[in-house]
$ cat run-v3.pdb   # PDB, C-alpha atoms, pLDDT in the B column
MODEL        1
ATOM      1  CA  MET A   1     -16.402  10.497  71.516  1.00 48.00           C
ATOM      2  CA  SER A   2     -15.726   8.502  68.403  1.00 51.00           C
ATOM      3  CA  GLU A   3     -12.194   8.413  67.080  1.00 54.00           C
ATOM      4  CA  THR A   4     -11.574   9.543  63.546  1.00 57.00           C
ATOM      5  CA  HIS A   5      -9.978   6.824  61.475  1.00 65.00           C
ATOM      6  CA  VAL A   6      -7.017   8.020  59.434  1.00 63.00           C
ATOM      7  CA  ALA A   7      -5.869   5.635  56.731  1.00 59.00           C
ATOM      8  CA  PRO A   8      -2.089   5.097  56.642  1.00 59.00           C
ATOM      9  CA  GLN A   9      -0.246   6.133  53.541  1.00 42.00           C
ATOM     10  CA  PRO A  10       1.425   3.415  51.452  1.00 52.00           C
ATOM     11  CA  GLY A  11       5.022   2.419  52.064  1.00 55.00           C
ATOM     12  CA  ALA A  12       7.375   3.513  54.829  1.00 56.00           C
ATOM     13  CA  PRO A  13      10.395   5.869  55.093  1.00 53.00           C
ATOM     14  CA  GLU A  14      12.818   2.952  55.018  1.00 54.00           C
ATOM     15  CA  GLN A  15      11.305   1.894  51.688  1.00 55.00           C
ATOM     16  CA  ALA A  16      11.933   5.278  50.048  1.00 52.00           C
ATOM     17  CA  HIS A  17      14.794   3.948  47.935  1.00 51.00           C
ATOM     18  CA  ARG A  18      12.320   1.541  46.311  1.00 56.00           C
ATOM     19  CA  LEU A  19       9.320   3.857  46.086  1.00 53.00           C
ATOM     20  CA  LEU A  20      11.051   6.867  44.542  1.00 56.00           C
ATOM     21  CA  PRO A  21      11.551   7.022  40.760  1.00 56.00           C
ATOM     22  CA  PHE A  22      14.712   5.163  39.654  1.00 56.00           C
ATOM     23  CA  GLY A  23      14.953   3.371  43.009  1.00 60.00           C
ATOM     24  CA  THR A  24      18.175   3.801  44.976  1.00 65.00           C
ATOM     25  CA  PHE A  25      19.587   6.152  42.347  1.00 65.00           C
ATOM     26  CA  GLY A  26      16.523   8.374  42.801  1.00 70.00           C
ATOM     27  CA  THR A  27      17.317   8.601  46.514  1.00 72.00           C
ATOM     28  CA  TYR A  28      20.934   9.535  45.798  1.00 71.00           C
ATOM     29  CA  LEU A  29      19.768  12.127  43.265  1.00 78.00           C
ATOM     30  CA  LEU A  30      17.266  13.691  45.647  1.00 81.00           C
ATOM     31  CA  LEU A  31      19.666  13.830  48.610  1.00 83.00           C
ATOM     32  CA  GLY A  32      22.529  15.024  46.420  1.00 81.00           C
ATOM     33  CA  ALA A  33      20.465  17.840  44.940  1.00 86.00           C
ATOM     34  CA  LEU A  34      19.297  18.965  48.384  1.00 90.00           C
ATOM     35  CA  PHE A  35      22.830  18.887  49.793  1.00 90.00           C
ATOM     36  CA  CYS A  36      24.283  20.785  46.821  1.00 90.00           C
ATOM     37  CA  LEU A  37      21.581  23.438  47.113  1.00 93.00           C
ATOM     38  CA  LEU A  38      22.218  24.033  50.812  1.00 94.00           C
ATOM     39  CA  ALA A  39      26.014  23.936  50.425  1.00 93.00           C
ATOM     40  CA  THR A  40      25.896  26.345  47.487  1.00 93.00           C
ATOM     41  CA  LEU A  41      23.806  28.782  49.513  1.00 95.00           C
ATOM     42  CA  GLY A  42      26.321  28.477  52.343  1.00 95.00           C
ATOM     43  CA  PHE A  43      29.257  29.058  50.012  1.00 95.00           C
ATOM     44  CA  GLY A  44      27.549  32.075  48.465  1.00 95.00           C
ATOM     45  CA  TRP A  45      26.894  33.599  51.891  1.00 95.00           C
ATOM     46  CA  LEU A  46      30.491  32.963  52.945  1.00 96.00           C
ATOM     47  CA  ALA A  47      31.956  34.373  49.729  1.00 94.00           C
ATOM     48  CA  ARG A  48      29.872  37.533  50.003  1.00 95.00           C
ATOM     49  CA  GLY A  49      31.100  38.025  53.557  1.00 94.00           C
ATOM     50  CA  VAL A  50      34.707  37.453  52.509  1.00 93.00           C
ATOM     51  CA  LEU A  51      34.461  40.066  49.749  1.00 92.00           C
ATOM     52  CA  ALA A  52      32.911  42.524  52.221  1.00 92.00           C
ATOM     53  CA  ASP A  53      35.624  41.844  54.872  1.00 90.00           C
ATOM     54  CA  GLN A  54      33.013  40.733  57.400  1.00 93.00           C
ATOM     55  CA  PHE A  55      35.147  37.962  58.901  1.00 94.00           C
ATOM     56  CA  VAL A  56      38.389  39.841  59.630  1.00 92.00           C
ATOM     57  CA  ARG A  57      38.175  39.477  63.408  1.00 93.00           C
ATOM     58  CA  PHE A  58      37.242  35.815  63.190  1.00 93.00           C
ATOM     59  CA  ASP A  59      39.971  35.005  60.665  1.00 94.00           C
ATOM     60  CA  ASP A  60      42.798  36.907  62.332  1.00 93.00           C
ATOM     61  CA  GLY A  61      41.750  35.796  65.797  1.00 93.00           C
ATOM     62  CA  LEU A  62      41.747  32.088  64.976  1.00 94.00           C
ATOM     63  CA  ILE A  63      45.086  32.258  63.146  1.00 93.00           C
ATOM     64  CA  THR A  64      46.615  34.036  66.126  1.00 92.00           C
ATOM     65  CA  LEU A  65      45.083  31.511  68.523  1.00 93.00           C
ATOM     66  CA  LEU A  66      46.519  28.514  66.672  1.00 92.00           C
ATOM     67  CA  HIS A  67      49.888  30.230  66.346  1.00 89.00           C
ATOM     68  CA  GLY A  68      50.044  30.311  70.127  1.00 88.00           C
ATOM     69  CA  TYR A  69      50.195  26.494  70.160  1.00 88.00           C
ATOM     70  CA  TRP A  70      53.261  26.265  67.917  1.00 90.00           C
ATOM     71  CA  SER A  71      55.782  23.656  69.050  1.00 90.00           C
ATOM     72  CA  PRO A  72      58.346  21.462  67.225  1.00 91.00           C
ATOM     73  CA  ALA A  73      56.275  18.300  67.692  1.00 93.00           C
ATOM     74  CA  LEU A  74      52.996  19.908  66.606  1.00 94.00           C
ATOM     75  CA  ASN A  75      54.750  21.546  63.674  1.00 93.00           C
ATOM     76  CA  GLN A  76      55.806  18.135  62.372  1.00 94.00           C
ATOM     77  CA  LEU A  77      52.281  16.734  62.766  1.00 95.00           C
ATOM     78  CA  MET A  78      50.734  19.688  60.957  1.00 94.00           C
ATOM     79  CA  LEU A  79      53.379  19.481  58.249  1.00 95.00           C
ATOM     80  CA  LEU A  80      52.369  15.847  57.715  1.00 95.00           C
ATOM     81  CA  PHE A  81      48.722  16.830  57.353  1.00 96.00           C
ATOM     82  CA  THR A  82      49.455  19.682  54.960  1.00 95.00           C
ATOM     83  CA  THR A  83      51.672  17.392  52.863  1.00 95.00           C
ATOM     84  CA  LEU A  84      48.888  14.801  52.610  1.00 95.00           C
ATOM     85  CA  GLY A  85      46.670  17.500  51.095  1.00 94.00           C
ATOM     86  CA  ASP A  86      49.236  18.570  48.508  1.00 94.00           C
ATOM     87  CA  VAL A  87      48.684  17.804  44.844  1.00 93.00           C
ATOM     88  CA  ALA A  88      52.111  16.132  44.750  1.00 94.00           C
ATOM     89  CA  VAL A  89      50.695  13.450  47.070  1.00 95.00           C
ATOM     90  CA  LEU A  90      47.083  13.361  45.903  1.00 95.00           C
ATOM     91  CA  ALA A  91      47.810  13.015  42.174  1.00 95.00           C
ATOM     92  CA  PRO A  92      50.060   9.904  42.421  1.00 96.00           C
ATOM     93  CA  LEU A  93      47.688   8.392  44.986  1.00 95.00           C
ATOM     94  CA  LEU A  94      44.699   8.777  42.675  1.00 95.00           C
ATOM     95  CA  VAL A  95      46.654   7.374  39.726  1.00 95.00           C
ATOM     96  CA  PHE A  96      47.727   4.328  41.760  1.00 95.00           C
ATOM     97  CA  VAL A  97      44.251   3.625  43.155  1.00 95.00           C
ATOM     98  CA  GLY A  98      42.642   4.330  39.781  1.00 94.00           C
ATOM     99  CA  ALA A  99      44.933   1.802  38.086  1.00 95.00           C
ATOM    100  CA  ALA A 100      44.090  -0.774  40.759  1.00 93.00           C
ATOM    101  CA  LEU A 101      40.374  -0.166  40.232  1.00 92.00           C
ATOM    102  CA  LEU A 102      40.746  -0.648  36.486  1.00 92.00           C
ATOM    103  CA  ARG A 103      42.487  -3.966  37.066  1.00 92.00           C
ATOM    104  CA  LEU A 104      39.536  -4.974  39.241  1.00 89.00           C
ATOM    105  CA  ARG A 105      37.206  -3.908  36.397  1.00 90.00           C
ATOM    106  CA  ARG A 106      35.773  -1.122  38.565  1.00 90.00           C
ATOM    107  CA  TRP A 107      35.959   1.299  35.657  1.00 90.00           C
ATOM    108  CA  ILE A 108      33.118   3.530  36.848  1.00 90.00           C
ATOM    109  CA  ASP A 109      34.801   4.005  40.224  1.00 91.00           C
ATOM    110  CA  ALA A 110      38.106   4.781  38.482  1.00 93.00           C
ATOM    111  CA  PHE A 111      36.357   7.395  36.323  1.00 93.00           C
ATOM    112  CA  GLY A 112      34.693   8.896  39.403  1.00 93.00           C
ATOM    113  CA  LEU A 113      38.012   9.114  41.218  1.00 94.00           C
ATOM    114  CA  ALA A 114      39.655  10.918  38.305  1.00 95.00           C
ATOM    115  CA  LEU A 115      36.675  13.261  37.997  1.00 95.00           C
ATOM    116  CA  ALA A 116      36.698  14.053  41.734  1.00 95.00           C
ATOM    117  CA  GLY A 117      40.379  14.944  41.836  1.00 94.00           C
ATOM    118  CA  GLY A 118      40.810  16.594  38.453  1.00 94.00           C
ATOM    119  CA  GLY A 119      37.547  18.505  38.587  1.00 95.00           C
ATOM    120  CA  ALA A 120      38.199  19.812  42.097  1.00 95.00           C
ATOM    121  CA  GLY A 121      41.609  21.091  41.049  1.00 94.00           C
ATOM    122  CA  LEU A 122      40.292  22.938  37.999  1.00 96.00           C
ATOM    123  CA  LEU A 123      37.316  24.356  39.896  1.00 95.00           C
ATOM    124  CA  ASN A 124      39.599  25.594  42.671  1.00 96.00           C
ATOM    125  CA  GLN A 125      41.807  27.473  40.220  1.00 95.00           C
ATOM    126  CA  LEU A 126      38.711  29.048  38.665  1.00 96.00           C
ATOM    127  CA  LEU A 127      37.339  30.168  42.034  1.00 95.00           C
ATOM    128  CA  LYS A 128      40.710  31.574  43.128  1.00 95.00           C
ATOM    129  CA  ALA A 129      40.889  33.613  39.909  1.00 94.00           C
ATOM    130  CA  ILE A 130      37.363  34.933  40.514  1.00 94.00           C
ATOM    131  CA  PHE A 131      37.828  36.036  44.130  1.00 93.00           C
ATOM    132  CA  GLN A 132      41.569  36.905  44.038  1.00 92.00           C
ATOM    133  CA  ARG A 133      41.917  37.033  47.810  1.00 92.00           C
ATOM    134  CA  VAL A 134      45.428  37.748  49.073  1.00 91.00           C
ATOM    135  CA  ARG A 135      46.855  35.257  51.549  1.00 91.00           C
ATOM    136  CA  PRO A 136      47.228  36.183  55.241  1.00 91.00           C
ATOM    137  CA  ASP A 137      50.523  37.679  56.388  1.00 86.00           C
ATOM    138  CA  LEU A 138      50.282  37.797  60.176  1.00 82.00           C
ATOM    139  CA  PHE A 139      53.573  36.053  60.979  1.00 82.00           C
ATOM    140  CA  ASP A 140      56.479  34.253  59.349  1.00 79.00           C
ATOM    141  CA  GLY A 141      56.166  30.495  58.947  1.00 75.00           C
ATOM    142  CA  PRO A 142      57.848  27.626  57.119  1.00 79.00           C
ATOM    143  CA  LEU A 143      55.513  27.939  54.109  1.00 79.00           C
ATOM    144  CA  HIS A 144      55.653  30.910  51.754  1.00 78.00           C
ATOM    145  CA  LEU A 145      52.985  31.002  49.050  1.00 81.00           C
ATOM    146  CA  THR A 146      52.037  33.717  46.581  1.00 82.00           C
ATOM    147  CA  SER A 147      48.925  32.271  44.930  1.00 87.00           C
ATOM    148  CA  TYR A 148      45.427  33.442  45.799  1.00 91.00           C
ATOM    149  CA  SER A 149      43.853  32.283  49.029  1.00 92.00           C
ATOM    150  CA  PHE A 150      40.086  31.707  48.670  1.00 95.00           C
ATOM    151  CA  PRO A 151      39.035  28.946  48.665  1.00 94.00           C
ATOM    152  CA  SER A 152      41.775  26.730  50.093  1.00 94.00           C
ATOM    153  CA  GLY A 153      43.021  24.292  47.452  1.00 94.00           C
ATOM    154  CA  HIS A 154      44.317  21.822  50.044  1.00 95.00           C
ATOM    155  CA  SER A 155      40.955  21.762  51.809  1.00 95.00           C
ATOM    156  CA  MET A 156      38.977  21.485  48.596  1.00 96.00           C
ATOM    157  CA  GLY A 157      41.222  18.824  47.094  1.00 95.00           C
ATOM    158  CA  SER A 158      41.409  16.736  50.245  1.00 96.00           C
ATOM    159  CA  ILE A 159      37.655  16.545  50.803  1.00 96.00           C
ATOM    160  CA  ALA A 160      37.049  15.720  47.127  1.00 96.00           C
ATOM    161  CA  CYS A 161      39.836  13.119  46.819  1.00 96.00           C
ATOM    162  CA  TYR A 162      39.807  11.466  50.245  1.00 96.00           C
ATOM    163  CA  GLY A 163      36.033  11.708  50.305  1.00 96.00           C
ATOM    164  CA  MET A 164      35.790   9.859  46.982  1.00 96.00           C
ATOM    165  CA  LEU A 165      38.341   7.283  48.119  1.00 96.00           C
ATOM    166  CA  ALA A 166      36.286   6.724  51.271  1.00 95.00           C
ATOM    167  CA  TYR A 167      33.073   6.424  49.255  1.00 94.00           C
ATOM    168  CA  ILE A 168      34.585   3.798  46.962  1.00 93.00           C
ATOM    169  CA  GLY A 169      36.085   1.912  49.897  1.00 92.00           C
ATOM    170  CA  MET A 170      32.781   1.926  51.749  1.00 91.00           C
ATOM    171  CA  GLN A 171      31.090   0.399  48.691  1.00 87.00           C
ATOM    172  CA  LEU A 172      33.605  -2.455  48.669  1.00 88.00           C
ATOM    173  CA  LEU A 173      33.613  -3.175  52.411  1.00 88.00           C
ATOM    174  CA  HIS A 174      30.931  -5.492  53.783  1.00 86.00           C
ATOM    175  CA  LYS A 175      31.041  -4.853  57.535  1.00 89.00           C
ATOM    176  CA  ARG A 176      29.244  -1.799  58.801  1.00 89.00           C
ATOM    177  CA  GLY A 177      31.886  -1.147  61.438  1.00 90.00           C
ATOM    178  CA  SER A 178      34.632  -1.123  58.815  1.00 91.00           C
ATOM    179  CA  ARG A 179      32.697   1.329  56.665  1.00 91.00           C
ATOM    180  CA  LEU A 180      32.112   3.649  59.598  1.00 93.00           C
ATOM    181  CA  ALA A 181      35.779   3.477  60.593  1.00 95.00           C
ATOM    182  CA  LEU A 182      36.869   4.323  57.053  1.00 94.00           C
ATOM    183  CA  GLY A 183      34.483   7.264  56.839  1.00 93.00           C
ATOM    184  CA  LEU A 184      35.616   8.601  60.215  1.00 95.00           C
ATOM    185  CA  ALA A 185      39.297   8.253  59.302  1.00 96.00           C
ATOM    186  CA  ALA A 186      38.741  10.167  56.054  1.00 95.00           C
ATOM    187  CA  ALA A 187      36.841  12.927  57.874  1.00 96.00           C
ATOM    188  CA  LEU A 188      39.594  13.333  60.482  1.00 96.00           C
ATOM    189  CA  LEU A 189      42.256  13.408  57.776  1.00 96.00           C
ATOM    190  CA  VAL A 190      40.412  16.109  55.832  1.00 97.00           C
ATOM    191  CA  LEU A 191      39.874  18.123  59.021  1.00 96.00           C
ATOM    192  CA  GLY A 192      43.576  17.804  59.842  1.00 96.00           C
ATOM    193  CA  VAL A 193      44.559  19.090  56.397  1.00 96.00           C
ATOM    194  CA  GLY A 194      42.321  22.128  56.740  1.00 95.00           C
ATOM    195  CA  THR A 195      43.503  22.890  60.273  1.00 95.00           C
ATOM    196  CA  SER A 196      47.136  22.693  59.201  1.00 94.00           C
ATOM    197  CA  ARG A 197      46.623  25.447  56.611  1.00 94.00           C
ATOM    198  CA  VAL A 198      45.327  27.842  59.268  1.00 95.00           C
ATOM    199  CA  TYR A 199      47.974  26.665  61.759  1.00 93.00           C
ATOM    200  CA  PHE A 200      50.793  27.653  59.396  1.00 92.00           C
ATOM    201  CA  GLY A 201      49.078  30.947  58.597  1.00 90.00           C
ATOM    202  CA  VAL A 202      48.863  30.363  54.828  1.00 92.00           C
ATOM    203  CA  HIS A 203      45.052  30.416  54.787  1.00 93.00           C
ATOM    204  CA  TYR A 204      42.311  32.212  56.635  1.00 95.00           C
ATOM    205  CA  PRO A 205      39.780  29.963  58.393  1.00 96.00           C
ATOM    206  CA  THR A 206      37.139  31.172  55.948  1.00 96.00           C
ATOM    207  CA  ASP A 207      39.385  29.975  53.101  1.00 96.00           C
ATOM    208  CA  VAL A 208      39.326  26.503  54.604  1.00 96.00           C
ATOM    209  CA  ILE A 209      35.570  26.560  55.208  1.00 96.00           C
ATOM    210  CA  GLY A 210      35.026  27.748  51.646  1.00 96.00           C
ATOM    211  CA  GLY A 211      37.277  24.961  50.363  1.00 96.00           C
ATOM    212  CA  PHE A 212      35.357  22.369  52.353  1.00 97.00           C
ATOM    213  CA  LEU A 213      32.024  23.622  51.021  1.00 96.00           C
ATOM    214  CA  ALA A 214      33.141  23.814  47.392  1.00 96.00           C
ATOM    215  CA  GLY A 215      34.904  20.453  47.612  1.00 96.00           C
ATOM    216  CA  ALA A 216      31.881  18.813  49.233  1.00 96.00           C
ATOM    217  CA  ILE A 217      29.622  20.133  46.460  1.00 95.00           C
ATOM    218  CA  TRP A 218      31.918  18.721  43.802  1.00 96.00           C
ATOM    219  CA  LEU A 219      32.200  15.428  45.699  1.00 96.00           C
ATOM    220  CA  ALA A 220      28.403  15.118  45.905  1.00 93.00           C
ATOM    221  CA  LEU A 221      28.045  15.829  42.188  1.00 93.00           C
ATOM    222  CA  THR A 222      30.709  13.227  41.390  1.00 94.00           C
ATOM    223  CA  ILE A 223      29.025  10.581  43.537  1.00 92.00           C
ATOM    224  CA  VAL A 224      25.686  11.257  41.853  1.00 89.00           C
ATOM    225  CA  LEU A 225      27.342  10.912  38.428  1.00 90.00           C
ATOM    226  CA  VAL A 226      28.919   7.612  39.506  1.00 89.00           C
ATOM    227  CA  GLN A 227      25.538   6.394  40.710  1.00 86.00           C
ATOM    228  CA  ALA A 228      23.945   7.488  37.422  1.00 84.00           C
ATOM    229  CA  ALA A 229      26.600   5.635  35.417  1.00 84.00           C
ATOM    230  CA  GLU A 230      26.080   2.459  37.464  1.00 81.00           C
ATOM    231  CA  TRP A 231      22.297   2.721  37.137  1.00 77.00           C
ATOM    232  CA  HIS A 232      22.550   3.203  33.373  1.00 74.00           C
ATOM    233  CA  ALA A 233      25.075   0.361  33.004  1.00 76.00           C
ATOM    234  CA  ARG A 234      22.825  -2.024  34.943  1.00 75.00           C
ATOM    235  CA  ARG A 235      19.824  -1.120  32.785  1.00 71.00           C
ATOM    236  CA  ARG A 236      21.786  -1.615  29.588  1.00 72.00           C
ATOM    237  CA  SER A 237      23.213  -4.926  30.802  1.00 69.00           C
ATOM    238  CA  SER A 238      19.798  -6.278  31.760  1.00 66.00           C
ATOM    239  CA  ALA A 239      18.398  -5.219  28.374  1.00 62.00           C
ATOM    240  CA  LEU A 240      21.066  -7.028  26.382  1.00 59.00           C
ATOM    241  CA  PRO A 241      20.144 -10.525  25.223  1.00 61.00           C
ATOM    242  CA  ALA A 242      21.977 -13.382  26.863  1.00 53.00           C
ATOM    243  CA  ALA A 243      25.071 -14.474  24.939  1.00 48.00           C
ATOM    244  CA  ALA A 244      24.658 -17.706  22.996  1.00 47.00           C
ATOM    245  CA  PRO A 245      26.752 -20.620  24.352  1.00 50.00           C
ATOM    246  CA  ASP A 246      29.927 -21.465  22.457  1.00 48.00           C
ATOM    247  CA  ARG A 247      29.825 -24.553  20.268  1.00 43.00           C
TER     248      ARG A 247
ENDMDL
END

$ encode --input "run-v3.pdb" --output "structure tokens"
Amino acid sequence: MSETHVAPQPGAPEQAHRLLPFGTFGTYLLLGALFCLLATLGFGWLARGVLADQFVRFDDGLITLLHGYWSPALNQLMLLFTTLGDVAVLAPLLVFVGAALLRLRRWIDAFGLALAGGGAGLLNQLLKAIFQRVRPDLFDGPLHLTSYSFPSGHSMGSIACYGMLAYIGMQLLHKRGSRLALGLAAALLVLGVGTSRVYFGVHYPTDVIGGFLAGAIWLALTIVLVQAAEWHARRRSSALPAAAPDR
């Protein structure tokens, strides 16, 4: 039996960033759009379930479960995590890092950092006003909040801000191991912030999940905008004529 010859297609998967339109930026754009689509569908499904009270058993059960692990030492650890996700910590941190980036002439990164933090905060307030979910009240804890609950502002802000900080840091680091360590540290920090909100009973687990999804969508959009700005700046720089030497 003769074998049918199938001609290979040009290029290879690892060359996609060069084959797609706009090169590496095209890859970021394609992956970012796909991620945002899937995350938006997930957020929509979650929000519809929250409005229909479909997650009451899951929410109340997990809050009660975590409350069973309360201890003085764990309380202090969770208080540290929840403080690191507070706007009173995130805002000065972003201002400090943004100023340092401007001094290093990393103005696009500084803009992206401001957009990630500021945009996430405004979007969170808008979403809270839309859904108007009352906070859980299963037991007394050290934190007493009266604002709306869904989605969690700490969770949304932490994934947008620490995620953007990690992205910028990973662009500046050269060793792969260092980049992976930074990404893992940021992920664990964000997870700790979200867990602390459920631990103290000020958010339902679905609030935290919703905050993570909304914050991740905003983070992806911000990264794509940063990539677009860098791509445009490189094109403009290469198109400018070389400066004449001083005489």

$ residues_around --input "run-v3.pdb" --residues "Gly85 (chain A)" --least-positions-apart "5" --cutoff "8 Å" --atoms "all atoms listed in the file" --output "compact mmCIF listing (two decimals) with C-alpha atoms, in the coordinates of the input"
# COMPACT_ATOMS: atom_id res chain seq x y z
CA LEU A 90 47.08 13.36 45.90
CA HIS A 154 44.32 21.82 50.04
CA SER A 155 40.96 21.76 51.81
CA GLY A 157 41.22 18.82 47.09
CA SER A 158 41.41 16.74 50.24
CA VAL A 190 40.41 16.11 55.83
CA VAL A 193 44.56 19.09 56.40

$ residues_around --input "run-v3.pdb" --residues "region 32-44 of chain A" --least-positions-apart "2" --cutoff "10 Å" --atoms "all atoms listed in the file" --output "list of chain:residue names"
A:Gly26, A:Thr27, A:Tyr28, A:Leu29, A:Leu30, A:Leu46, A:Ala47, A:Arg48, A:Gly49, A:Val50, A:Pro151, A:Ile209, A:Gly210, A:Gly211, A:Phe212, A:Leu213, A:Ala214, A:Gly215, A:Ala216, A:Ile217, A:Trp218, A:Leu219, A:Ala220, A:Leu221, A:Thr222, A:Ile223, A:Val224

$ resolve_selection --input "run-v3.pdb" --expression "the PyMOL selection byres ((chain A and resi 138) around 8)" --output "NGL selection string"
:A and (60 or 64 or 136-137 or 139-140 or 201)

$ residues_near_point --input "run-v3.pdb" --point "(37.2, 15.2, 39.1)" --cutoff "7 Å" --atoms "all atoms listed in the file" --output "list in words"
Gly112, Leu113, Ala114, Leu115, Ala116, Gly117, Gly118, Gly119 and Ala120 of chain A

$ atom_distance --input "run-v3.pdb" --atom1 "CA of Phe200 (chain A)" --atom2 "CA of Ile159 (chain A)"
19.2 Å

$ atom_distance --input "run-v3.pdb" --atom1 "CA of Arg179 (chain A)" --atom2 "CA of Gln227 (chain A)"
18.2 Å

$ residues_near_point --input "run-v3.pdb" --point "(38.0, 38.7, 53.5)" --cutoff "9 Å" --atoms "all atoms listed in the file" --output "PDB file with C-alpha atoms, in the coordinates of the input"
ATOM      1  CA  ALA A  47      31.956  34.373  49.729  1.00 94.00           C
ATOM      2  CA  ARG A  48      29.872  37.533  50.003  1.00 95.00           C
ATOM      3  CA  GLY A  49      31.100  38.025  53.557  1.00 94.00           C
ATOM      4  CA  VAL A  50      34.707  37.453  52.509  1.00 93.00           C
ATOM      5  CA  LEU A  51      34.461  40.066  49.749  1.00 92.00           C
ATOM      6  CA  ALA A  52      32.911  42.524  52.221  1.00 92.00           C
ATOM      7  CA  ASP A  53      35.624  41.844  54.872  1.00 90.00           C
ATOM      8  CA  GLN A  54      33.013  40.733  57.400  1.00 93.00           C
ATOM      9  CA  PHE A  55      35.147  37.962  58.901  1.00 94.00           C
ATOM     10  CA  VAL A  56      38.389  39.841  59.630  1.00 92.00           C
ATOM     11  CA  ASP A  59      39.971  35.005  60.665  1.00 94.00           C
ATOM     12  CA  ARG A 133      41.917  37.033  47.810  1.00 92.00           C
ATOM     13  CA  VAL A 134      45.428  37.748  49.073  1.00 91.00           C
ATOM     14  CA  PHE A 150      40.086  31.707  48.670  1.00 95.00           C
ATOM     15  CA  TYR A 204      42.311  32.212  56.635  1.00 95.00           C
ATOM     16  CA  THR A 206      37.139  31.172  55.948  1.00 96.00           C
ATOM     17  CA  ASP A 207      39.385  29.975  53.101  1.00 96.00           C
TER      18      ASP A 207
END

$ closest_residue --input "run-v3.pdb" --among "A:Leu188, A:Val97, A:Leu62, A:Met78" --to "Met164 (chain A)" --atoms "all atoms listed in the file"
A:Val97

$ atom_distance --input "run-v3.pdb" --atom1 "CA of Gly61 (chain A)" --atom2 "CA of Ala187 (chain A)"
24.7 Å
